[in-house]
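*Asks:* Take a look at the following structure, please.
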Amino acid sequence: MKSRINLQQLPTQTVWSDLQFRRGQPRGHYESYFIRANHPSKPQAIWIRYTLFQPRHRPDLAIGELWAIWSDADRSGIVAVQQDIPLPDCVLGSRQLTLGGASLSPQSARGSARSEINRITWDLTYDGGQSPLLCLPDRLYRSPLPKAKLMVMQPNARFNGRLEVNGEIIEIHQWQGSVNHNWGSKHTDAYAWGQVAGFDRDPESFFEVATARLKLGPLWTPPLTLAVLRHQGQEYRFNQLTQALKATARYHYFEWQFELANDQYELQGSMRAPAHLFAGLHYKNPPGGLKTCLNSKLAQCDLYLSRRGATPTYLTTAHRGAFEILTDAPPPDIRIVN
């Protein structure tokens, strides 16, 4: 399916997605707002995540979490930090989230986080971008299933400000990225997730894709792959459940290929990045246990979009892709941040 979308900039307040977290939820809950952006030409990227976590049946153990990753393929590699924030130090406003001394609003993100050896401080503003993007079918956002939801509040937002990484100042000027929101009562059992905010020769195009498997008792579902591409003022949606079931996808450390189709178009693509450009993150799961996220923000992405039987449109980026894998079995040589 192809649809015309309005790519005019929207007032920022119209794209803020309300916080779903409620103190004392007995069924457990996780919720994150995260921002990400890439340098316009260099292999550099930032990723900052504000998280609220409440384990099932233990609301007294709820906490906030701050995450930050600085990626620089040419110099410092990956610098990643994660810090827990006691829930009494978290302020859950209707249009601002504050975890300790770190704040997030529809226009800005300010704060810092540290680990034993690293510290990252950020002072960023962002604006512009496109209308919100929903990767799932619209009706599923009002349904109890799936237990994990995700949306892009501001695709192709522009970031300005500065980052300080272990004392080094990095100026951020017109970096392109996104503002995102995800939440649920349980992490997806296994997934690959990808996003590109501006391709190398098509800077206004935006892409999001996910391949997920769910565990139902002792059984696993087949892979379900959904994607949405915005390109040259059109939105191409490959996210109906029947399409997700018919799609093919294969991923492993640290590569992913996928093929999708709707009633008019076909989409083929791949994402990849070398192992040293991934950070390993342990995510707490509300029902219990940990999931491991292999997280890169400097992935290569290649896409081929075609009307059935026609010459495809080719979109590519050398290092502007976000690529994550969630797994219970990370490779033994991946460095875990937390």
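Going by the structure tokens order, chains are called A, B, ..., each with residues numbered from 1, while ligands are numbered from 1 in the order shown.
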Go through segment 119-238 of chain A residue by residue and, counting only C-alpha atoms, keep those with an atom at most 12 Å from segment 59-72 of chain A; for each kept residue give the shortest atom pair and its distance in Å to one decimal, ordered by chain and increasing number, as a Markdown table.
*Replies:*
```
| residue | atom | partner | partner_atom | distance |
| --- | --- | --- | --- | --- |
| A:Arg119 | CA | A:Ala68 | CA | 9.0 |
| A:Ile120 | CA | A:Ala68 | CA | 6.8 |
| A:Thr121 | CA | A:Ala68 | CA | 8.7 |
| A:Trp122 | CA | A:Ala68 | CA | 9.1 |
| A:Arg162 | CA | A:Trp70 | CA | 12.0 |
| A:Leu163 | CA | A:Trp70 | CA | 8.9 |
| A:Glu164 | CA | A:Trp70 | CA | 9.5 |
| A:Val165 | CA | A:Trp70 | CA | 7.5 |
| A:Asn166 | CA | A:Trp70 | CA | 10.5 |
| A:Glu168 | CA | A:Trp70 | CA | 11.4 |
| A:Ile169 | CA | A:Trp70 | CA | 11.7 |
| A:Ile170 | CA | A:Trp70 | CA | 10.0 |
```
*Asks:* Write out the residues from the selection above, keeping N, CA and C atoms, as a PDB file, in the first residue's frame.
*Replies:*
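New file selection-v2.pdb:
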```pdb
ATOM      1  N   ARG A 119      31.677   8.584  31.467  1.00  0.00           N
ATOM      2  CA  ARG A 119      30.639   9.556  31.770  1.00  0.00           C
ATOM      3  C   ARG A 119      30.249  10.271  30.483  1.00  0.00           C
ATOM      4  N   ILE A 120      28.958  10.386  30.240  1.00  0.00           N
ATOM      5  CA  ILE A 120      28.442  11.112  29.084  1.00  0.00           C
ATOM      6  C   ILE A 120      27.443  12.150  29.582  1.00  0.00           C
ATOM      7  N   THR A 121      27.618  13.389  29.132  1.00  0.00           N
ATOM      8  CA  THR A 121      26.719  14.488  29.465  1.00  0.00           C
ATOM      9  C   THR A 121      26.144  15.042  28.170  1.00  0.00           C
ATOM     10  N   TRP A 122      24.861  15.405  28.186  1.00  0.00           N
ATOM     11  CA  TRP A 122      24.233  15.903  26.972  1.00  0.00           C
ATOM     12  C   TRP A 122      23.391  17.144  27.262  1.00  0.00           C
ATOM     13  N   ARG A 162      25.321  20.003  22.402  1.00  0.00           N
ATOM     14  CA  ARG A 162      26.644  19.450  22.625  1.00  0.00           C
ATOM     15  C   ARG A 162      26.572  18.215  23.490  1.00  0.00           C
ATOM     16  N   LEU A 163      27.600  17.399  23.323  1.00  0.00           N
ATOM     17  CA  LEU A 163      27.792  16.186  24.086  1.00  0.00           C
ATOM     18  C   LEU A 163      29.174  16.273  24.723  1.00  0.00           C
ATOM     19  N   GLU A 164      29.303  15.771  25.925  1.00  0.00           N
ATOM     20  CA  GLU A 164      30.612  15.648  26.548  1.00  0.00           C
ATOM     21  C   GLU A 164      30.837  14.184  26.890  1.00  0.00           C
ATOM     22  N   VAL A 165      31.900  13.620  26.331  1.00  0.00           N
ATOM     23  CA  VAL A 165      32.204  12.201  26.509  1.00  0.00           C
ATOM     24  C   VAL A 165      33.566  12.081  27.173  1.00  0.00           C
ATOM     25  N   ASN A 166      33.549  11.719  28.448  1.00  0.00           N
ATOM     26  CA  ASN A 166      34.800  11.596  29.218  1.00  0.00           C
ATOM     27  C   ASN A 166      35.670  12.839  29.082  1.00  0.00           C
ATOM     28  N   GLU A 168      35.666  15.115  26.684  1.00  0.00           N
ATOM     29  CA  GLU A 168      35.779  15.638  25.321  1.00  0.00           C
ATOM     30  C   GLU A 168      34.442  16.218  24.881  1.00  0.00           C
ATOM     31  N   ILE A 169      34.471  17.434  24.325  1.00  0.00           N
ATOM     32  CA  ILE A 169      33.254  18.106  23.859  1.00  0.00           C
ATOM     33  C   ILE A 169      33.007  17.778  22.396  1.00  0.00           C
ATOM     34  N   ILE A 170      31.816  17.358  22.085  1.00  0.00           N
ATOM     35  CA  ILE A 170      31.389  17.119  20.700  1.00  0.00           C
ATOM     36  C   ILE A 170      30.241  18.064  20.393  1.00  0.00           C
TER      37      ILE A 170
END
```
*Asks:* Run DSSP on the backbone and give me the residues of segment 62-285 of chain A it puts in helix (DSSP H, G or I), as a ChimeraX atom specification.
*Replies:* /A:87-89,138-142,241-246,275-277
*Asks:* Skip Trp16 of chain A itself and residues of its chain fewer than 3 positions away, then list as a list in words all residues within 10 Å of it, counting only C-alpha atoms.
*Replies:*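 Here the answer would be Pro11, Thr12, Gln13, Leu19, Ser94, Arg95, Gln96, Ser105, Pro106, Gln107, Pro132, Val152, Met153, Gln154, Val179, Asn180 and His181 of chain A.
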*Asks:* With C-alpha atoms retained, write the just-selected residues as a PDB file, in the first residue's frame.
*Replies:*
```pdb
ATOM      1  CA  PRO A  11       3.986  21.812  15.895  1.00  0.00           C
ATOM      2  CA  THR A  12       6.148  19.800  18.285  1.00  0.00           C
ATOM      3  CA  GLN A  13       3.412  19.487  20.892  1.00  0.00           C
ATOM      4  CA  LEU A  19       3.533   8.319  29.257  1.00  0.00           C
ATOM      5  CA  SER A  94       2.583  15.164  31.469  1.00  0.00           C
ATOM      6  CA  ARG A  95       5.038  16.777  29.034  1.00  0.00           C
ATOM      7  CA  GLN A  96       8.397  16.291  30.742  1.00  0.00           C
ATOM      8  CA  SER A 105      10.724  17.257  26.937  1.00  0.00           C
ATOM      9  CA  PRO A 106       9.206  17.609  23.450  1.00  0.00           C
ATOM     10  CA  GLN A 107      11.976  20.079  22.554  1.00  0.00           C
ATOM     11  CA  PRO A 132       4.508  10.394  13.779  1.00  0.00           C
ATOM     12  CA  VAL A 152       8.387   7.181  16.205  1.00  0.00           C
ATOM     13  CA  MET A 153       7.162  10.507  17.553  1.00  0.00           C
ATOM     14  CA  GLN A 154       9.429  12.679  15.378  1.00  0.00           C
ATOM     15  CA  VAL A 179      12.470  10.855  18.893  1.00  0.00           C
ATOM     16  CA  ASN A 180      10.933   7.508  19.850  1.00  0.00           C
ATOM     17  CA  HIS A 181       8.644   5.922  22.434  1.00  0.00           C
TER      18      HIS A 181
END
```
*Asks:* Counting only C-alpha atoms, what is within 12 Å of Tyr236 of chain A, bar same-chain residues fewer than 4 positions away, as a PyMOL selection string?
*Replies:* chain A and resi 1-5+133-135+205-209+226-232+240+260-267+305-307
*Asks:* DSSP on the backbone, strand (DSSP E or B) only: what residues of segment 70-285 of chain A does that give? Format it as a VMD selection string.
*Replies:* chain A and resid 70 to 72 77 to 86 90 to 92 97 to 99 102 to 104 108 to 114 119 to 127 133 148 to 165 168 to 184 190 to 197 206 to 213 215 to 216 219 to 220 224 to 231 234 to 238 248 to 252 255 to 261 265 to 272 279 to 284
*Asks:* How many Å separate atom CA of Ala210 of chain A from atom CA of His187 of chain A?
*Replies:*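 Between atom CA of Ala210 of chain A and atom CA of His187 of chain A the gap is 13.7 Å.
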*Asks:* Residues at most 9 Å from Tyr33 of chain A, counting only C-alpha atoms, excluding those fewer than 6 positions away in the same chain, as a list in words?
*Replies:*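 Using only C-alpha atoms, the neighbours found are Ile48, Arg49, Tyr50, Thr51, Leu104, Val179, Asn180, His181, Asn182 and Trp183 of chain A.
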*Asks:* Generate the output file for the selected residues, N, CA and C atoms, as a PDB file, in the first residue's frame.
*Replies:*
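Listing of again.pdb after writing:
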```pdb
ATOM      1  N   ILE A  48      20.393   8.163  23.319  1.00  0.00           N
ATOM      2  CA  ILE A  48      20.123   8.450  24.726  1.00  0.00           C
ATOM      3  C   ILE A  48      18.734   7.931  25.052  1.00  0.00           C
ATOM      4  N   ARG A  49      18.624   7.204  26.166  1.00  0.00           N
ATOM      5  CA  ARG A  49      17.375   6.509  26.489  1.00  0.00           C
ATOM      6  C   ARG A  49      16.990   6.775  27.942  1.00  0.00           C
ATOM      7  N   TYR A  50      15.765   7.219  28.128  1.00  0.00           N
ATOM      8  CA  TYR A  50      15.170   7.430  29.447  1.00  0.00           C
ATOM      9  C   TYR A  50      14.159   6.315  29.670  1.00  0.00           C
ATOM     10  N   THR A  51      14.347   5.515  30.709  1.00  0.00           N
ATOM     11  CA  THR A  51      13.524   4.330  30.913  1.00  0.00           C
ATOM     12  C   THR A  51      12.916   4.300  32.307  1.00  0.00           C
ATOM     13  N   LEU A 104      13.796  15.312  29.948  1.00  0.00           N
ATOM     14  CA  LEU A 104      13.409  15.087  28.553  1.00  0.00           C
ATOM     15  C   LEU A 104      12.064  15.750  28.334  1.00  0.00           C
ATOM     16  N   VAL A 179      12.926  10.935  17.507  1.00  0.00           N
ATOM     17  CA  VAL A 179      12.470  10.855  18.893  1.00  0.00           C
ATOM     18  C   VAL A 179      11.468   9.715  18.952  1.00  0.00           C
ATOM     19  N   ASN A 180      11.665   8.768  19.875  1.00  0.00           N
ATOM     20  CA  ASN A 180      10.933   7.508  19.850  1.00  0.00           C
ATOM     21  C   ASN A 180      10.348   7.168  21.213  1.00  0.00           C
ATOM     22  N   HIS A 181       9.335   6.326  21.203  1.00  0.00           N
ATOM     23  CA  HIS A 181       8.644   5.922  22.434  1.00  0.00           C
ATOM     24  C   HIS A 181       8.296   4.445  22.308  1.00  0.00           C
ATOM     25  N   ASN A 182       8.653   3.636  23.315  1.00  0.00           N
ATOM     26  CA  ASN A 182       8.183   2.252  23.348  1.00  0.00           C
ATOM     27  C   ASN A 182       7.825   1.865  24.775  1.00  0.00           C
ATOM     28  N   TRP A 183       6.914   0.891  24.901  1.00  0.00           N
ATOM     29  CA  TRP A 183       6.398   0.539  26.218  1.00  0.00           C
ATOM     30  C   TRP A 183       5.738  -0.828  26.147  1.00  0.00           C
TER      31      TRP A 183
END
```
*Asks:* Identify, on the basis of only C-alpha atoms, every residue whose closest approach to Ser41 of chain A does not exceed 9 Å; exclude the query and any residue fewer than 5 positions from it along the same chain; express the result as a list in words.
*Replies:*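 Listed by chain and then number, they are Asp200, His319 and Arg320 of chain A.
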*Asks:* Take the residues from that selection and put them in a file with N, CA and C atoms, as a tab-separated table (two decimals), in the first residue's frame.
*Replies:*
```tsv
chain	number	residue	atom	x	y	z
A	200	ASP	N	21.86	8.31	2.37
A	200	ASP	CA	22.98	9.14	1.95
A	200	ASP	C	22.61	10.07	0.79
A	319	HIS	N	26.46	4.30	6.96
A	319	HIS	CA	26.61	4.18	8.42
A	319	HIS	C	25.57	5.00	9.20
A	320	ARG	N	24.41	5.22	8.62
A	320	ARG	CA	23.39	6.01	9.33
A	320	ARG	C	22.25	5.15	9.87
```
*Asks:* Considering only C-alpha atoms, can you say which of A:Ala80, A:Ala157, A:Cys301, A:Ala197 comes closest to Leu281 of chain A?
*Replies:*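 Distance minimum relative to Leu281 of chain A lands on A:Ala80.
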*Asks:* Would you compute the distance between atom CA of Val79 of chain A and atom CA of Asp302 of chain A? Give it in Å to one decimal.
*Replies:*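 If I compute the distance from atom CA of Val79 of chain A to atom CA of Asp302 of chain A, I get 26.3 Å.
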*Asks:* With only C-alpha atoms as the counted atoms, please give the residues lying no more than 8 Å from Pro40 of chain A, apart from itself and same-chain residues fewer than 5 positions off, as a PyMOL selection string.
*Replies:* chain A and resi 174-176
*Asks:* For Arg201 of chain A, which residue out of A:Ala322, A:Asn160, A:Phe21, A:Thr317 is the nearest one, using only C-alpha atoms?
*Replies:*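 Of all the options, A:Thr317 lies closest to Arg201 of chain A.
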*Asks:* Counting only C-alpha atoms, which of A:Leu241, A:Cys90, A:Cys293, A:Ile117 gets nearest to Ser103 of chain A?
*Replies:*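 When distances to Ser103 of chain A are compared using only C-alpha atoms, the smallest one comes from A:Cys90.
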